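**Student:** Sharing a structure below in structure tokens format, with a few things to ask.
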Amino acid sequence: MPSASDSHRPNNRIRHLPLLFAALLSLCALCCATPAQAADAASSLVIVGGDRSYPPYEFLDKDDRPSGYNVELTRAVARVMGLKVEIRLGAWSERRQDLVRGDVDLLEGMSYSDERAKSVDFSPPHTIVHHSIFARKGGNRHPTLADLRGKEVLVLNDGIMQEFLAAQRTGAKVVPVPTHADVLRALASGKHDYAVMAKLPGLYLIRELGLSNLEAVGDPVSAQQYCFAVKKGNAALLARFNEGLAILKNTGEYQKIYNRWLGVLEPPGLSWSEVFRYGAVVVLPLILLAGGAVLWSRTLGREVAARTAELTREVEERRHAEEELRNRQQQLVQADKMAALGILVSGVAHEINNPNGLILLNLPVVMEAFRDAEPILEEYYEKNGDFEFGGLSYSRMREALPKLMQQMQEGSRRVKLIVEDLKDFARQQEPGQTAEFDLNETVQAALRLLANLVEKSTEHFSVSLGAGIPRLNGSAQRIEQVVVNLLVNACQALPSPERGIELATWFDAEHRQVVMEVRDQGTGIAPEHLPHLTDPFFTTKRESGGTGLGLSVSSGIVKEHGGELSFSSAPGAGTTARLTFALPDKESLS
């Protein structure tokens, strides 16, 4: 029997899922690590754990040396990042415990789950692993998860399918065993009813172990994201591996490693007995040959049609999985950026508040001291004439100084107000938390945050806040986020500061609606783009860093509040964004 390390073939390749993650995610993780952590990650020996029986991803070859896709990928990352690694393969459950105890620093292959993410930090997935049901030949060829109820099902101990079957509440009697090879041997020996495991390793082991009475049956039951994993909080090491994966992807080495290992298994060739059997058909009478040919043709046609339908379904499932992975990756990048921004805003606000608080505390003391000293200075001035005071003549400073201190106090109060607005904007709010709020006050808070951007973007900015607008019920913070997004888009649409922006709010009594409009004199939007403005990830500013999430998130927030966000525009004629909130018919306006 050939060894596991000799069984892959260069011509047996499947197209791999693209490695979707941005270098920005690595930079965010590095920023969260302490300098000591970053230095340790760069210079210390990294102990890497893995499963000893999970070919072709990771396994011990005939010489008991670590081999497989995960092993080669780990070593390539270590090489490009200048890391020293020692790879230790063993029973999967033991290696998971080693990571928790700190005996290993990183697992080179681990499927993501929300439960695991409580104690482990994951890299972006470097591939997708499909899991299937395995059974002995001669039984049900198309079982589903529902067919597992009451059956004894073999799974890897502490593996992702043990968690998956429990979460799906299949009602199966789960039987965990130490390795994937043990899973298949137990099933082949007639024990238990089914096994659930990764499809490619299962087919690989069936061939290598000669378990000819086993097969993968039915459609794949799960597609799991396969990642590097570190102990919770080891951000520095995870960031190094994320960055290494990005380098391998960009240089093309990741693709070569993927193709070397994750190829489809070769179909078995014809045996000599089959060759002689089919050859014997040639000597049969012509009538039997013709009839056999017709029958074979029809059977082959049905098999080809069934296989074509199966391949079409698998291609469609993979396309959906790739698209979902791409969308989730972009959402994670954007979420990390926003989380980092919130942390930065909170930290900066705290640092500004401390010295600004001293200014607010000390200015009244300085003003009071000047008022106490003023009679003495006046007496000196009357007896001795004008004199220099703070670099200017006293006759000027006695009028200017109170005004200067008053302006300083007003400026410091404004700084405090802006800082509080920033902290409120960045603060996370509990889901479902609502209260009455004033739309005009929310708009004014957003304007304070964007005062500098608006001033730089346009010389013609006007605000008209309507009087007597009824209060709304919801989250003022989330509506403020919508106003900020609309104003930022309006500023970015202006080709020059000579173009203007108008913001207005009012109450439409006839239709019982609270309305806010943001009108800009920008470049406008093409008609074919208008219906897609609130679609997730749709943007016309991808080159300048746009993510396509701002208006999508804003639309969702408005819908949560029972409102509507609409746009009207024409190329070169500017854009109008209208935000409307309908009031209940019986609501009092008092």
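Every chain in the structure tokens takes a letter, A first, then B, and so on in the order presented; its residues are numbered from 1, and the ligands are numbered from 1 following the presented order.
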If we count only C-alpha atoms and set the cut-off at 9 Å, which residues sit around Met408 of chain A, ignoring sequence neighbours fewer than 3 positions away in its own chain? Please answer as a PyMOL selection string.
**Tutor:** chain A and resi 359-360+363+403-405+411-413
**Student:** Using the selection just defined, write its residues with N, CA and C atoms as a short mmCIF file (atom, residue, chain, number, x, y, z; two decimals), in the first residue's frame.
**Tutor:**
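Dumped everything to out-v8.cif:
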data_model
loop_
_atom_site.label_atom_id
_atom_site.label_comp_id
_atom_site.auth_asym_id
_atom_site.auth_seq_id
_atom_site.Cartn_x
_atom_site.Cartn_y
_atom_site.Cartn_z
N ILE A 359 -8.22 72.87 32.27
CA ILE A 359 -8.44 74.24 31.78
C ILE A 359 -9.76 74.79 32.32
N LEU A 360 -10.82 73.98 32.23
CA LEU A 360 -12.13 74.43 32.71
C LEU A 360 -12.10 74.68 34.22
N LEU A 363 -9.46 78.00 34.78
CA LEU A 363 -9.78 79.31 34.19
C LEU A 363 -10.58 80.20 35.15
N LYS A 403 -11.89 89.45 28.08
CA LYS A 403 -12.49 88.87 26.88
C LYS A 403 -11.73 87.61 26.45
N LEU A 404 -10.38 87.67 26.53
CA LEU A 404 -9.58 86.51 26.15
C LEU A 404 -9.89 85.31 27.04
N MET A 405 -9.98 85.54 28.34
CA MET A 405 -10.27 84.42 29.25
C MET A 405 -11.69 83.89 29.03
N GLY A 411 -14.25 78.26 24.44
CA GLY A 411 -13.61 77.27 23.57
C GLY A 411 -13.42 75.95 24.27
N SER A 412 -13.02 75.97 25.53
CA SER A 412 -12.82 74.74 26.28
C SER A 412 -14.14 73.99 26.46
N ARG A 413 -15.22 74.73 26.72
CA ARG A 413 -16.54 74.08 26.83
C ARG A 413 -16.95 73.44 25.51
#
**Student:** Write out as an NGL selection string the set of residues from segment 62-127 of chain A that DSSP, computed on the backbone, places in helix (DSSP H, G or I).
**Tutor:** :A and (69-81 or 92-101 or 116-118)
**Student:** My list of candidates is A:Ala146, A:Phe507, A:Leu449, A:Gly202. Which is closest to Gly468 of chain A when distances are computed with only C-alpha atoms?
**Tutor:**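 For Gly468 of chain A, the nearest of the candidates is A:Phe507.
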**Student:** Go ahead and compute the interatomic distance for atom CA of Arg52 of chain A and atom CA of Val104 of chain A, in Å to one decimal.
**Tutor:**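 Atom CA of Val104 of chain A lies at a distance of 14.8 Å from atom CA of Arg52 of chain A.
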**Student:** So what do you get for atom CA of Glu72 of chain A versus atom CA of Trp92 of chain A, distance-wise?
**Tutor:**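 So the two atoms, atom CA of Glu72 of chain A and atom CA of Trp92 of chain A, lie 18.6 Å apart.
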**Student:** Using only C-alpha atoms, which residue out of A:Val155, A:Ala216, A:Leu325, A:Ala166 lies closest to Met197 of chain A?
**Tutor:**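 For Met197 of chain A, the nearest of the given residues is A:Val155.
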**Student:** Counting only C-alpha atoms, which residue out of A:Pro176, A:Gly109, A:Gly102, A:Gly244 sits closest to Arg79 of chain A?
**Tutor:**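 Of the candidates, the smallest distance to Arg79 of chain A is held by A:Gly244.
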**Student:** Residues within 7 Å of Val46 of chain A, please, as a ChimeraX atom specification. Count only C-alpha atoms; anything in the same chain fewer than 6 positions from it doesn't count.
**Tutor:** /A:84-86,105
**Student:** Please list as a ChimeraX atom specification every residue within 12 Å of Thr251 of chain A, counting only C-alpha atoms and excluding residues in the same chain fewer than 5 positions away.
**Tutor:** /A:76-77,80,244-246,256-257
**Student:** Write to file, as a PDB file, in the first residue's frame, the residues of the selection just made, with C-alpha atoms.
**Tutor:**
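Saved the output as result26.pdb:
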ATOM      1  CA  ALA A  76       5.908  28.317   4.092  1.00  0.00           C
ATOM      2  CA  VAL A  77       4.324  30.987   6.341  1.00  0.00           C
ATOM      3  CA  VAL A  80       8.401  34.162   4.688  1.00  0.00           C
ATOM      4  CA  GLY A 244       2.307  35.365   5.973  1.00  0.00           C
ATOM      5  CA  LEU A 245      -0.802  33.913   4.309  1.00  0.00           C
ATOM      6  CA  ALA A 246      -1.360  37.184   2.457  1.00  0.00           C
ATOM      7  CA  LYS A 256       0.942  25.793  -5.679  1.00  0.00           C
ATOM      8  CA  ILE A 257       0.716  24.288  -2.183  1.00  0.00           C
TER       9      ILE A 257
END
**Student:** Please identify all polymer residues within 8 Å of Pro571 of chain A, counting only C-alpha atoms, omitting same-chain residues fewer than 4 positions from it, and present them as an mmCIF file with C-alpha atoms, in the first residue's frame.
**Tutor:**
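Result written to around-v3.cif:
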data_model
loop_
_atom_site.group_PDB
_atom_site.id
_atom_site.type_symbol
_atom_site.label_atom_id
_atom_site.label_comp_id
_atom_site.auth_asym_id
_atom_site.auth_seq_id
_atom_site.Cartn_x
_atom_site.Cartn_y
_atom_site.Cartn_z
ATOM 1 C CA THR A 523 -21.674 65.090 -9.550
ATOM 2 C CA GLY A 524 -24.908 63.118 -9.217
ATOM 3 C CA ILE A 525 -25.580 59.406 -9.627
ATOM 4 C CA ALA A 526 -26.095 57.454 -12.861
ATOM 5 C CA PRO A 527 -29.714 56.185 -13.288
#
**Student:** Would you mind listing what lies within 12 Å of Glu382 of chain A as a PyMOL selection string, with only C-alpha atoms counted and same-chain residues fewer than 6 positions away left out?
**Tutor:** chain A and resi 375-376+394-395
